[in-house]
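Student: Take this structure first; my questions come after.
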Protein chains: 2
Amino acid sequence: MPDKKVKSSNHDGKPPERMDIRTIARAANVSIATVSRVMNNVPTVNPRMAKRVWEVIDQLDYFPNTQARALVSGRSRIFGLIVSEITNPFFPELIQGFEDIAVEHGYEILVSSTNYDPKRMSHCIRRMLERKVEGVAVMTFGIEEPLLDQLARRKVPLVFIDVGPKRPSVSVLKVDYHHGIRQGVQHLAAMGHRDIAFITGPMALHSAQSRRAAFVGSLKECGIVPESSWIVEGDHTMEGGIASMENLLATKKRPTAVMCSNDMTAIGVLHKLYRAGLRVPDDFSVIGFDDIHIAEVTIPPLTTVQMSRFELARSAVMALRAHAENPNDPAPQREYEIRTDLIVRESTGFPRGTMTNAKKAKAKSATNA
Amino acid sequence: MPDKKVKSSNHDGKPPERMDIRTIARAANVSIATVSRVMNNVPTVNPRMAKRVWEVIDQLDYFPNTQARALVSGRSRIFGLIVSEITNPFFPELIQGFEDIAVEHGYEILVSSTNYDPKRMSHCIRRMLERKVEGVAVMTFGIEEPLLDQLARRKVPLVFIDVGPKRPSVSVLKVDYHHGIRQGVQHLAAMGHRDIAFITGPMALHSAQSRRAAFVGSLKECGIVPESSWIVEGDHTMEGGIASMENLLATKKRPTAVMCSNDMTAIGVLHKLYRAGLRVPDDFSVIGFDDIHIAEVTIPPLTTVQMSRFELARSAVMALRAHAENPNDPAPQREYEIRTDLIVRESTGFPRGTMTNAKKAKAKSATNA
DNA sequence: GATGCTAAAGAAATCGTTTTCTCAGTCAGT
DNA sequence: ACTGACTGAGAAAACGATTTCTTTAGCATC
């Protein structure tokens, strides 16, 4: 924003040409109030006049100053979006969707990545407060609730994933982890796996707990008793996946398959298995979670549980809009359901040496149906 | 931003409690001008008074309204960041760095991903203009200059990668593609490869042309004549990599190695080779470009040319700051140099059947030195 | 033809800051 | 003691919109 000092009239005849609502009003021969009304589609304005104003606006290529508008109307038209790790490919895909939908409804977004660091979190909340966001989507999968008090206290609408305080102006996006994870477990069990490991996310995260619970539950449904040494804690990174897989390979009795709390972990696992000289899926089966884009081209392509980023983004924006646009709506915390589904690719197969090729083909076609 | 209507005094004794500079002024028994001066560290204010004001500010947990501030000061303290594809992992890493550094200097950022779509680009420029950004970093690697006229005309500081109009308030980040790419070519040549292919980015992008030129140049330096059918156009996506590799495999005489214009392409290539039953690096060598994080764990880990996201981000923010904070500085377009370097991992090796193990070991150690 | 009502547009207040202007004091120099 | 320069702090004018309050004009009603 330069041209601040162009106020003093310059002697070469040109008017100072600052582009504000007054310029338009003057050019269209109406009051600024009318221009404002035209821009906001207030119905009481004479259509002929409106047309004239629009023409001037188009011709001069004018657009209103968002901050002035926000200041007086009390509406910033900005949503905040807090993610835990922008470098995990899951999130950019989410951000993309969130941005698209928010922009579509006339909102701008302020993204911030906390990297699981409470200090960063608190700093970014502060920034959002300063910018007067009209709502914040907290896509960190459940962490640091105390910090969010600052937002709640100032009555900023919020939307969480999985779990959040039951308060007015707070919505929760419920992810049905169970559905997809059960499909995964059954898929493995159907092929004959009994020794199935699980690599969780950081257990401080609610979602990590939910996913583990869904895994354990699904295992039991198949009549398999969970072996605790086969449930190891990861951290949703590739490095974590590598380390966790290392631990699993070192267990007394090795599992034959592993489910991961997210795809990045699975990618680490794939890598560790490659290093260990084990072939996937011949020697070991791997299932991921998220279905990020690169899951299609890992070697081998990753069987994974899909959670729709688009659905997540859409629901989040909708929830925030609902709150922002009806400030005193008595109906608070709506809950939105997000489905999960297994996508079978090539990182899963029969446990080593249990089946002939003929049986393989048969079982596989049954599974896919 | 709710609590808009809390103006009317409520009958339970409490004051309406709106938190603005006036509240602070009243509580500290000074004028609002003084409060403002204190917050902005204006040196002429009495230290004792300043202390008192700070105490009140802390105690009431007050922070100024950014939009009011921006409105009057004419400074939004927002930078725009336009990337071509947020779902390409290169960019999140860049965004992260950009955000960190911008925030460190008190700026907020507005990110937008154009997905190579001019319509999106133009829309996002408009949005940035509306929010009165103080500068825009155009990290699309050279495209759609006409659209950027809108920004230039309004004298918004800009920073480009590689190439940009020589105008005041416009800086360019020069990437030294040649250095890293030459290293890559020499690395391959040193191991005995002569038949080296190249998959470019979208040729509409300046960076794609620069990278190809660097490749062709480096090839000639090694006395290899470029074979045009081995230079194919990709689009910087995994899918593009797969398709391009397919084309390369179909050439009359197959190359023995390929360099890619970015890592996503290389990942696609790796996948295609896997599908084709070719082993990397035994049957085919692959080099990427960017050194995104997952390049470390591809199978096999990817040899690639590193371009520092952090350097890029830092330089971009610094360039924008320089312009934003000295609006009438006569010195425009500073240029910043970004280095590139080869990172040798495991996707490159000797061409099939050309060397004995002894020779291998020797050549490899020489290359790494 | 005076009155009341409605529709449409202008005037003015407002949002929460920064910044310029103004005005008391203080102090030094003569 | 009077002037001039300087300090420090308050008063008031922006900033560029929205929104409330007024005004004007037109029309129907009695």
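Residues in the structure tokens are named by chain (A, B, ... in the order shown) and by number from 1 within that chain; ligands are numbered from 1 in the order shown.
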Could you write out as a CSV table (one decimal) with C-alpha atoms, in the first residue's frame the residues of chain A within 6 Å of chain B, counting only C-alpha atoms?
Tutor:
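selection.csv, freshly written:
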chain,number,residue,atom,x,y,z
A,1,MET,CA,0.0,0.0,0.0
A,66,THR,CA,-11.8,-4.5,3.1
A,67,GLN,CA,-10.4,-3.1,6.3
A,86,ILE,CA,1.6,-28.3,6.8
A,87,THR,CA,4.4,-30.5,5.5
A,92,PRO,CA,-2.3,-29.2,2.0
A,93,GLU,CA,-5.0,-31.2,0.4
A,130,GLU,CA,-5.8,-9.8,16.3
A,131,ARG,CA,-7.0,-10.2,12.8
A,134,GLU,CA,-14.9,-14.8,12.5
A,271,HIS,CA,10.8,-47.8,3.5
A,297,VAL,CA,2.3,-44.3,-6.4
Student: Kindly determine which residues of chain C lie within 7 Å of chain A, considering only C-alpha atoms (C1' of nucleotides), and give the answer as a list in words.
Tutor: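 The contacting residues on chain C are DA8, DA9, DG10 and DC15 of chain C.
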Student: At a cut-off of 7 Å, can you tabulate as a tab-separated table every residue of chain D near chain B together with its closest atom pair and the distance in Å to one decimal, using only C-alpha atoms (C1' of nucleotides) and ordering rows by chain then number?
Tutor:
residue	atom	partner	partner_atom	distance
D:DG8	C1'	B:Val45	CA	6.7
D:DA9	C1'	B:Thr34	CA	7.0
D:DG10	C1'	B:Ser31	CA	6.1
D:DC15	C1'	B:Val72	CA	4.2
Student: Show which residues sit within 10 Å of segment 22-29 of chain C, as a list in words. Count only C-alpha atoms (C1' of nucleotides), and ignore same-chain residues fewer than 2 positions away.
Tutor: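 Counting only C-alpha atoms (C1' of nucleotides), the residues come to DT20 of chain C; DT3, DG4, DA5, DC6, DT7, DG8, DA9, DG10, DA11 and DA12 of chain D.
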Student: Could you jot down the atom CA of Pro226 of chain A to atom CA of Ala190 of chain A separation for me, Å, one decimal place?
Tutor: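 Spanning atom CA of Pro226 of chain A to atom CA of Ala190 of chain A is a straight-line distance of 16.7 Å.
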Student: Restricting the calculation to only C-alpha atoms (C1' of nucleotides), which member of C:DT14, C:DT19, C:DT3, C:DT30 is positioned closest to DC30 of chain D?
Tutor: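 Among the listed residues, the smallest separation from DC30 of chain D belongs to C:DT3.
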Student: Go through B:His193, B:Lys174, B:Arg321, B:Arg334 and flag the residue nearest Thr348 of chain B, using only C-alpha atoms for the distances.
Tutor: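 Smallest distance to Thr348 of chain B is found for B:His193.
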Student: Identify, on the basis of only C-alpha atoms (C1' of nucleotides), every residue whose closest approach to Val258 of chain B does not exceed 9 Å; exclude the query and any residue fewer than 6 positions from it along the same chain; express the result as a ChimeraX atom specification.
Tutor: /B:195-199,230,245,266,269,284-288
Student: Can I get the selected residues back with C-alpha atoms, as an mmCIF file, in the first residue's frame?
Tutor:
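Output below, filename part.cif:
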data_model
loop_
_atom_site.group_PDB
_atom_site.id
_atom_site.type_symbol
_atom_site.label_atom_id
_atom_site.label_comp_id
_atom_site.auth_asym_id
_atom_site.auth_seq_id
_atom_site.Cartn_x
_atom_site.Cartn_y
_atom_site.Cartn_z
ATOM 1 C CA ASP B 195 22.237 -41.871 -22.805
ATOM 2 C CA ILE B 196 20.587 -39.468 -20.435
ATOM 3 C CA ALA B 197 17.019 -38.307 -20.775
ATOM 4 C CA PHE B 198 15.339 -35.267 -19.289
ATOM 5 C CA ILE B 199 11.741 -34.690 -18.303
ATOM 6 C CA TRP B 230 14.958 -38.087 -24.892
ATOM 7 C CA MET B 245 8.579 -42.273 -18.503
ATOM 8 C CA ALA B 266 10.809 -38.412 -10.383
ATOM 9 C CA VAL B 269 9.151 -42.141 -12.917
ATOM 10 C CA PHE B 284 17.941 -47.355 -14.753
ATOM 11 C CA SER B 285 19.136 -44.256 -12.907
ATOM 12 C CA VAL B 286 16.878 -41.430 -11.817
ATOM 13 C CA ILE B 287 17.641 -37.950 -10.546
ATOM 14 C CA GLY B 288 15.044 -35.557 -9.207
#
Student: Mind checking which residues fall within 9 Å of segment 161-167 of chain B, counting only C-alpha atoms (C1' of nucleotides), ignoring those fewer than 5 positions away in the same chain, and posting them as a PyMOL selection string?
Tutor: chain B and resi 137-142+145+152+172-176+206-207+210+312+316+332-333
Student: Can you pull out every residue from segment 244-337 of chain A that DSSP, working from the backbone, puts in strand (DSSP E), and format the result as a list in words?
Tutor: Ala257, Val258, Met259, Cys260, Ser285, Val286, Ile287, Gly288, Phe289, Asp290, Thr303, Thr304, Val305, Gln306, Met307, Glu335, Tyr336 and Glu337 of chain A
Student: Take the residues just selected and output them with C-alpha atoms as a compact mmCIF listing (two decimals), in the first residue's frame.
Tutor:
# COMPACT_ATOMS: atom_id res chain seq x y z
CA ALA A 257 0.84 -57.12 8.69
CA VAL A 258 0.64 -53.62 10.06
CA MET A 259 -1.96 -50.89 9.99
CA CYS A 260 -0.76 -47.33 10.34
CA SER A 285 1.27 -56.34 4.40
CA VAL A 286 0.83 -52.64 5.08
CA ILE A 287 -2.26 -50.47 5.36
CA GLY A 288 -2.21 -46.71 5.70
CA PHE A 289 -4.73 -44.11 6.70
CA ASP A 290 -5.78 -40.86 4.97
CA THR A 303 -3.79 -49.96 0.52
CA THR A 304 -5.23 -47.32 2.81
CA VAL A 305 -8.27 -45.99 4.57
CA GLN A 306 -9.62 -42.95 2.85
CA MET A 307 -10.86 -39.97 4.78
CA GLU A 335 -22.15 -32.42 14.59
CA TYR A 336 -21.08 -33.50 11.17
CA GLU A 337 -20.31 -37.06 10.14
Student: What is the atom CA of His178 of chain B-atom CA of Ala214 of chain B distance in Å, reported with one decimal?
Tutor: 4.9 Å
